[in-house]
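Trainee: coords.cif is reproduced below (mmCIF, C-alpha atoms and all ligand atoms).
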data_input
loop_
_atom_site.label_atom_id
_atom_site.label_comp_id
_atom_site.auth_asym_id
_atom_site.auth_seq_id
_atom_site.Cartn_x
_atom_site.Cartn_y
_atom_site.Cartn_z
CA MET A 1 -44.11 -26.07 94.26
CA GLU A 2 -46.43 -27.76 91.81
CA ASN A 3 -49.38 -26.19 93.59
CA SER A 4 -47.93 -22.73 93.41
CA SER A 5 -47.22 -23.00 89.68
CA LEU A 6 -50.75 -24.30 89.16
CA MET A 7 -52.01 -21.33 91.14
CA ASP A 8 -49.94 -18.96 88.96
CA GLU A 9 -51.36 -20.53 85.83
CA PHE A 10 -54.89 -20.25 87.23
CA LEU A 11 -54.40 -16.58 88.12
CA ASP A 12 -52.94 -15.85 84.69
CA ARG A 13 -55.98 -17.35 83.04
CA MET A 14 -58.46 -15.62 85.30
CA THR A 15 -56.85 -12.22 85.06
CA ILE A 16 -56.72 -11.63 81.35
CA ASN A 17 -56.62 -7.88 81.70
CA VAL A 18 -57.38 -6.80 78.14
CA SER A 19 -59.49 -3.66 78.17
CA GLU A 20 -59.85 -0.35 76.35
CA PHE A 21 -61.69 2.95 76.64
CA TYR A 22 -65.24 2.89 75.21
CA ARG A 23 -64.94 -0.86 74.56
CA ASN A 24 -67.76 -1.73 72.09
CA ARG A 25 -68.37 1.94 71.43
CA LYS A 26 -71.99 1.53 70.29
CA ARG A 27 -72.98 0.20 73.72
CA PHE A 28 -71.34 3.19 75.42
CA GLU A 29 -73.37 5.44 73.13
CA VAL A 30 -76.54 3.79 74.46
CA LEU A 31 -75.19 4.32 77.96
CA GLU A 32 -74.47 7.97 77.27
CA HIS A 33 -77.65 8.90 75.41
CA LYS A 34 -80.26 6.64 76.99
CA VAL A 35 -79.15 5.09 80.30
CA ILE A 36 -77.50 8.08 82.00
CA PRO A 37 -80.35 10.53 81.14
CA TYR A 38 -82.83 7.90 82.41
CA LEU A 39 -80.93 7.49 85.71
CA LEU A 40 -80.45 11.24 86.18
CA GLY A 41 -84.17 11.74 85.55
CA LYS A 42 -84.76 9.89 88.81
CA LYS A 43 -81.86 10.99 91.02
CA LYS A 44 -79.30 13.74 91.14
CA ARG A 45 -76.55 11.67 92.76
CA LEU A 46 -75.48 8.32 91.27
CA LYS A 47 -73.70 5.37 92.80
CA ILE A 48 -71.91 3.24 90.21
CA TRP A 49 -69.86 0.02 90.34
CA SER A 50 -67.47 -1.13 87.61
CA ALA A 51 -66.86 -4.76 88.66
CA ALA A 52 -63.82 -6.57 87.21
CA CYS A 53 -62.51 -3.21 86.00
CA SER A 54 -59.04 -4.48 85.06
CA THR A 55 -56.61 -1.60 84.40
CA GLY A 56 -59.25 1.15 84.74
CA GLU A 57 -60.31 1.99 81.19
CA GLU A 58 -63.96 1.09 81.92
CA PRO A 59 -64.54 3.16 85.11
CA TYR A 60 -62.64 6.10 83.59
CA THR A 61 -64.86 5.88 80.49
CA LEU A 62 -67.88 6.03 82.81
CA ALA A 63 -66.48 9.13 84.55
CA MET A 64 -65.78 10.83 81.19
CA ILE A 65 -69.35 10.20 80.06
CA LEU A 66 -70.88 11.34 83.35
CA SER A 67 -68.79 14.52 83.38
CA ARG A 68 -70.80 15.66 80.34
CA TYR A 69 -73.97 15.63 82.44
CA ILE A 70 -73.08 16.41 86.05
CA SER A 71 -70.32 17.54 88.31
CA LEU A 72 -68.15 14.59 89.27
CA ASP A 73 -68.72 15.27 92.99
CA GLN A 74 -72.25 14.03 92.41
CA VAL A 75 -71.13 10.54 91.43
CA ASP A 76 -69.52 7.75 93.40
CA ILE A 77 -67.71 5.35 91.11
CA LEU A 78 -66.37 2.20 92.73
CA ALA A 79 -64.07 0.10 90.53
CA THR A 80 -62.98 -3.36 91.66
CA ASP A 81 -60.90 -6.27 90.44
CA LEU A 82 -59.31 -9.40 91.81
CA ASP A 83 -55.91 -8.48 90.39
CA ARG A 84 -53.89 -6.08 92.54
CA ASN A 85 -51.37 -5.35 89.77
CA ALA A 86 -54.16 -4.32 87.41
CA LEU A 87 -55.54 -2.00 90.11
CA ASP A 88 -52.12 -0.41 90.65
CA ARG A 89 -51.90 0.28 86.92
CA ALA A 90 -55.44 1.63 86.94
CA LYS A 91 -54.57 4.17 89.66
CA GLU A 92 -51.59 5.37 87.58
CA GLY A 93 -53.99 6.21 84.76
CA LEU A 94 -51.30 5.94 82.07
CA TYR A 95 -52.21 4.19 78.80
CA HIS A 96 -50.73 3.21 75.49
CA GLU A 97 -52.38 4.70 72.41
CA ARG A 98 -53.90 1.31 71.50
CA SER A 99 -56.25 1.56 74.53
CA LEU A 100 -57.60 4.80 73.09
CA LYS A 101 -58.55 3.66 69.61
CA GLU A 102 -62.30 4.17 70.27
CA VAL A 103 -61.79 7.58 71.91
CA THR A 104 -62.97 10.58 69.87
CA PRO A 105 -60.53 13.48 69.31
CA GLN A 106 -62.77 15.68 71.49
CA VAL A 107 -62.68 13.27 74.46
CA LYS A 108 -58.92 12.79 73.97
CA HIS A 109 -58.47 16.53 74.06
CA ASN A 110 -60.70 17.00 77.13
CA HIS A 111 -59.50 14.13 79.29
CA PHE A 112 -55.96 13.01 78.37
CA THR A 113 -52.47 14.50 78.39
CA LYS A 114 -49.81 13.02 76.14
CA GLU A 115 -46.67 11.78 77.96
CA GLY A 116 -44.22 10.45 75.35
CA SER A 117 -46.02 7.65 73.55
CA TYR A 118 -48.50 7.29 76.44
CA TYR A 119 -51.62 9.15 77.51
CA ARG A 120 -52.45 10.12 81.10
CA VAL A 121 -56.08 10.40 82.23
CA GLY A 122 -56.90 13.82 83.71
CA LYS A 123 -56.73 14.19 87.49
CA ASP A 124 -60.42 15.13 87.88
CA ILE A 125 -61.41 11.86 86.18
CA ARG A 126 -58.85 9.82 88.17
CA ASP A 127 -59.99 11.37 91.44
CA SER A 128 -63.62 10.46 90.78
CA VAL A 129 -62.94 6.69 90.85
CA THR A 130 -62.22 4.62 93.98
CA PHE A 131 -60.32 1.40 93.24
CA LYS A 132 -60.60 -1.61 95.56
CA GLU A 133 -59.69 -5.27 95.51
CA HIS A 134 -62.79 -7.50 95.26
CA ASN A 135 -63.26 -11.12 94.26
CA LEU A 136 -66.67 -11.67 92.64
CA LEU A 137 -66.59 -15.34 93.59
CA ALA A 138 -65.69 -14.97 97.24
CA ASP A 139 -66.20 -11.50 98.75
CA ASN A 140 -69.29 -9.79 100.16
CA TYR A 141 -70.97 -7.45 97.71
CA PRO A 142 -71.40 -3.75 98.47
CA GLY A 143 -74.91 -2.34 97.87
CA GLY A 144 -77.14 0.59 96.88
CA PHE A 145 -76.02 0.94 93.25
CA ASP A 146 -77.87 2.79 90.47
CA LEU A 147 -75.66 1.30 87.76
CA ILE A 148 -73.48 -1.80 87.78
CA VAL A 149 -71.16 -2.46 84.86
CA CYS A 150 -69.67 -5.96 84.68
CA ARG A 151 -68.28 -6.81 81.27
CA ASN A 152 -66.06 -9.45 79.74
CA VAL A 153 -65.48 -11.51 82.85
CA MET A 154 -68.59 -13.71 83.18
CA ILE A 155 -67.33 -15.77 80.23
CA TYR A 156 -64.71 -17.25 82.57
CA PHE A 157 -67.24 -18.53 85.12
CA THR A 158 -69.31 -21.71 85.32
CA GLU A 159 -73.11 -21.54 84.91
CA GLN A 160 -73.50 -22.15 88.61
CA ALA A 161 -71.10 -19.35 89.56
CA LYS A 162 -72.84 -16.99 87.11
CA GLN A 163 -76.19 -17.59 88.77
CA VAL A 164 -74.81 -16.72 92.20
CA ILE A 165 -73.06 -13.63 90.84
CA TYR A 166 -76.21 -12.35 89.04
CA GLN A 167 -78.20 -12.87 92.23
CA ASN A 168 -75.58 -10.94 94.21
CA PHE A 169 -75.56 -8.09 91.68
CA SER A 170 -79.35 -7.93 91.74
CA GLN A 171 -79.29 -7.59 95.54
CA ALA A 172 -76.63 -4.89 95.27
CA MET A 173 -78.87 -2.76 93.02
CA ASN A 174 -81.57 -0.21 93.84
CA GLU A 175 -84.99 -0.68 92.23
CA GLU A 176 -85.12 0.51 88.60
CA SER A 177 -81.35 0.65 88.40
CA ILE A 178 -79.39 -0.67 85.41
CA PHE A 179 -77.00 -3.60 84.90
CA PHE A 180 -74.66 -3.33 81.87
CA VAL A 181 -73.03 -6.57 80.63
CA GLY A 182 -70.45 -7.50 77.98
CA SER A 183 -71.29 -7.99 74.33
CA THR A 184 -71.17 -11.80 74.51
CA GLU A 185 -72.76 -12.02 77.94
CA GLN A 186 -76.50 -11.81 77.48
CA ILE A 187 -78.36 -13.17 80.52
CA PHE A 188 -80.45 -16.26 79.90
CA SER A 189 -83.74 -15.87 81.89
CA PRO A 190 -83.10 -12.38 83.34
CA GLN A 191 -86.43 -12.52 85.24
CA LYS A 192 -84.88 -15.14 87.54
CA TYR A 193 -82.78 -12.34 89.01
CA GLY A 194 -85.50 -9.67 88.99
CA PHE A 195 -84.20 -8.12 85.74
CA GLU A 196 -85.97 -7.12 82.55
CA VAL A 197 -84.32 -6.21 79.25
CA TYR A 198 -83.84 -2.42 79.01
CA ASP A 199 -81.75 -2.36 75.80
CA THR A 200 -79.34 -4.83 74.17
CA PHE A 201 -76.84 -5.78 76.92
CA PHE A 202 -78.61 -3.57 79.49
CA TYR A 203 -81.00 -4.89 82.15
CA LYS A 204 -83.28 -3.00 84.50
CA LYS A 205 -83.99 -4.22 88.01
CA VAL A 206 -87.76 -4.31 88.43
C1 LIG B 1 -61.04 -9.00 80.22
S1 LIG B 1 -60.94 -8.07 81.71
C2 LIG B 1 -62.41 -7.06 81.58
C3 LIG B 1 -62.11 -5.61 81.83
C4 LIG B 1 -63.29 -4.66 81.59
N1 LIG B 1 -64.44 -5.01 82.37
C5 LIG B 1 -63.66 -4.62 80.11
O1 LIG B 1 -64.71 -5.13 79.73
O2 LIG B 1 -62.88 -4.05 79.33
C6 LIG B 1 -61.41 -9.29 82.92
C7 LIG B 1 -61.04 -8.89 84.35
O3 LIG B 1 -61.72 -9.75 85.24
C8 LIG B 1 -60.93 -9.88 86.40
N2 LIG B 1 -61.40 -11.05 87.16
C9 LIG B 1 -61.29 -12.36 86.87
N3 LIG B 1 -61.86 -13.12 87.83
C10 LIG B 1 -62.35 -12.26 88.76
C11 LIG B 1 -63.03 -12.43 90.00
N4 LIG B 1 -63.33 -13.64 90.46
N5 LIG B 1 -63.37 -11.33 90.68
C12 LIG B 1 -63.07 -10.09 90.23
N6 LIG B 1 -62.42 -9.87 89.07
C13 LIG B 1 -62.06 -10.94 88.34
C14 LIG B 1 -59.53 -10.03 85.82
O4 LIG B 1 -58.55 -9.73 86.80
C15 LIG B 1 -59.56 -9.04 84.66
O5 LIG B 1 -59.02 -7.80 85.05
#
Go through the file and emit its structure as C-alpha cells.
Mentor:
Amino acid sequence: MENSSLMDEFLDRMTINVSEFYRNRKRFEVLEHKVIPYLLGKKKRLKIWSAACSTGEEPYTLAMILSRYISLDQVDILATDLDRNALDRAKEGLYHERSLKEVTPQVKHNHFTKEGSYYRVGKDIRDSVTFKEHNLLADNYPGGFDLIVCRNVMIYFTEQAKQVIYQNFSQAMNEESIFFVGSTEQIFSPQKYGFEVYDTFFYKKV
C-alpha cells in the first residue's frame, strides 16, 4: 500500500505534462528557418523523434513546420512518452486555447478547427505522427534519426542518467543530424557524446 502510493507520487512527479505548441517560440524559429532547410539540403526524407512528447504539442508543432517545406508523406515523426494517459490525449489532438498562445493566426487557421472552447489539430498533421510508449531510462532506443527533439525532461534526471541518455541519443542519430534540447538544458561537454554546438540549444552530431 505504502509502496503503491510512493509509486503514484513518483509517477506524478516524473510526468509533469506541461507543454504547449511552439514552446519557446524563438527556438522553433531557428528550427524552421535554419535547421529544417539544412536537413532538407542533405536528404529528401526525414526521420524525426520527439522524445518525452507529453500530450503531443511538440511533435504536432514539428509536423506543422515541416508541412511548409515538404509533403508530410516524406517525414516519419515518432513521438514517445512514458505516460500512457498523456499519449492518449496526444492522439485525440484536442487542446485548450492556453496551449496555443504562441501559435500565429495563420498557423491556427491552417492547422486547427475550433470545437467549443477547444481546438482540434487537423487530421493530416495528426496522421503524420506515430505515438508510442517509451521510457528513456529503461527501454531500447530506436535509431536512424535526422532530428531528435528532447526538451524539458532532462531536468528531472540525475547527472549519471543524463550521460547515459545523451550517449543513447547520439547512437540513435545519423551523422550530421541535429539534437534539439530544452531552454534550460544546455549540454555540458557536448564533444563527449560526439556533438558540436550548431546553434543555441541545437547540437550537430559530427
Ligand atoms: C514537461 S513535459 C515536456 C513535454 C515537451 N517535450 C515540451 O517540452 O513541451 C515532460 C514529459 O517527460 C515525460 N517523462 C518523464 N520521465 C520520462 C522517462 N523516463 N521517459 C520518457 N518520458 C518521460 C513525462 O511523462 C512528461 O510528459
Trainee: Please provide as a CSV table (one decimal) with C-alpha atoms, keeping the file's coordinate frame all residues within 9 Å of A:Ser183, with the sequence filter that same-chain residues fewer than 4 positions apart are discarded (counting all atoms listed in the file).
Mentor:
chain,number,residue,atom,x,y,z
A,24,ASN,CA,-67.8,-1.7,72.1
A,27,ARG,CA,-73.0,0.2,73.7
A,151,ARG,CA,-68.3,-6.8,81.3
A,152,ASN,CA,-66.1,-9.4,79.7
A,200,THR,CA,-79.3,-4.8,74.2
A,201,PHE,CA,-76.8,-5.8,76.9
Trainee: Find the nearest atom pair between each residue of chain A and ligand LIG 1 (chain B) for residues within 8 Å, count all atoms listed in the file, give distances in Å to one decimal, sort rows by chain and ascending number, and present the table as CSV.
Mentor:
residue,atom,partner,partner_atom,distance
A:Met14,CA,B:LIG1,C9,4.6
A:Thr15,CA,B:LIG1,O4,3.5
A:Ile16,CA,B:LIG1,C15,5.1
A:Asn17,CA,B:LIG1,O5,4.1
A:Val18,CA,B:LIG1,C1,4.7
A:Ser19,CA,B:LIG1,O2,3.6
A:Glu20,CA,B:LIG1,O2,5.6
A:Phe21,CA,B:LIG1,O2,7.6
A:Arg23,CA,B:LIG1,O2,6.1
A:Ser50,CA,B:LIG1,N1,7.2
A:Ala51,CA,B:LIG1,C12,6.7
A:Ala52,CA,B:LIG1,N6,4.0
A:Cys53,CA,B:LIG1,N1,4.5
A:Ser54,CA,B:LIG1,O5,3.3
A:Thr55,CA,B:LIG1,O5,6.7
A:Gly56,CA,B:LIG1,C4,7.7
A:Glu57,CA,B:LIG1,O2,6.8
A:Glu58,CA,B:LIG1,C4,5.8
A:Thr80,CA,B:LIG1,C12,6.9
A:Asp81,CA,B:LIG1,N6,4.1
A:Leu82,CA,B:LIG1,C12,4.1
A:Asp83,CA,B:LIG1,O4,4.6
A:Ala86,CA,B:LIG1,O5,6.4
A:Glu133,CA,B:LIG1,C12,7.9
A:His134,CA,B:LIG1,C12,5.7
A:Asn135,CA,B:LIG1,N5,3.6
A:Leu136,CA,B:LIG1,N5,3.9
A:Leu137,CA,B:LIG1,N4,4.8
A:Ala138,CA,B:LIG1,N4,7.3
A:Val149,CA,B:LIG1,N1,7.6
A:Cys150,CA,B:LIG1,N1,5.8
A:Arg151,CA,B:LIG1,O1,4.2
A:Asn152,CA,B:LIG1,O1,4.5
A:Val153,CA,B:LIG1,C6,4.6
A:Tyr156,CA,B:LIG1,N3,7.3
A:Gly182,CA,B:LIG1,O1,6.5
Trainee: Please enclose the listed atoms of stretch 54-63 of chain A in an axis-aligned box, pad each side by 6 Å, and write out the centre and the three edge lengths in Å, rounded to one decimal, as AutoDock Vina command-line options.
Mentor:
--center_x -62.2 --center_y 2.3 --center_z 82.8 --size_x 23.3 --size_y 25.6 --size_z 16.6
Trainee: Counting only C-alpha atoms, which of A:Lys192, A:Lys47, A:Arg25, A:Lys162 gets nearest to A:Pro142?
Mentor: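 Using only C-alpha atoms, the shortest distance to A:Pro142 belongs to A:Lys47.
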Trainee: Between A:Lys43, A:Lys26, A:Arg84, A:Lys132, which has the minimum distance to A:Ile70 (counting all atoms listed in the file)?
Mentor: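 Ranking A:Lys43, A:Lys26, A:Arg84, A:Lys132 by distance to A:Ile70, first place goes to A:Lys43.
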Trainee: Which of these residues is nearest to A:Arg98, using only C-alpha atoms: A:Thr158, A:Ser117, A:Asn174, A:Asn85?
Mentor: A:Ser117
Trainee: Considering only C-alpha atoms, can you say which of A:Arg89, A:His96, A:Arg45, A:Lys204 comes closest to A:Thr113?
Mentor: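 Comparing A:Arg89, A:His96, A:Arg45, A:Lys204 against A:Thr113, the winner is A:His96.
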Trainee: Please return, as a ChimeraX atom specification, all polymer residues that have at least one atom within 9 Å of the point (-80.7, -3.0, 81.4); use all atoms listed in the file and the file's own coordinate frame.
Mentor: /A:35,177-181,195-205
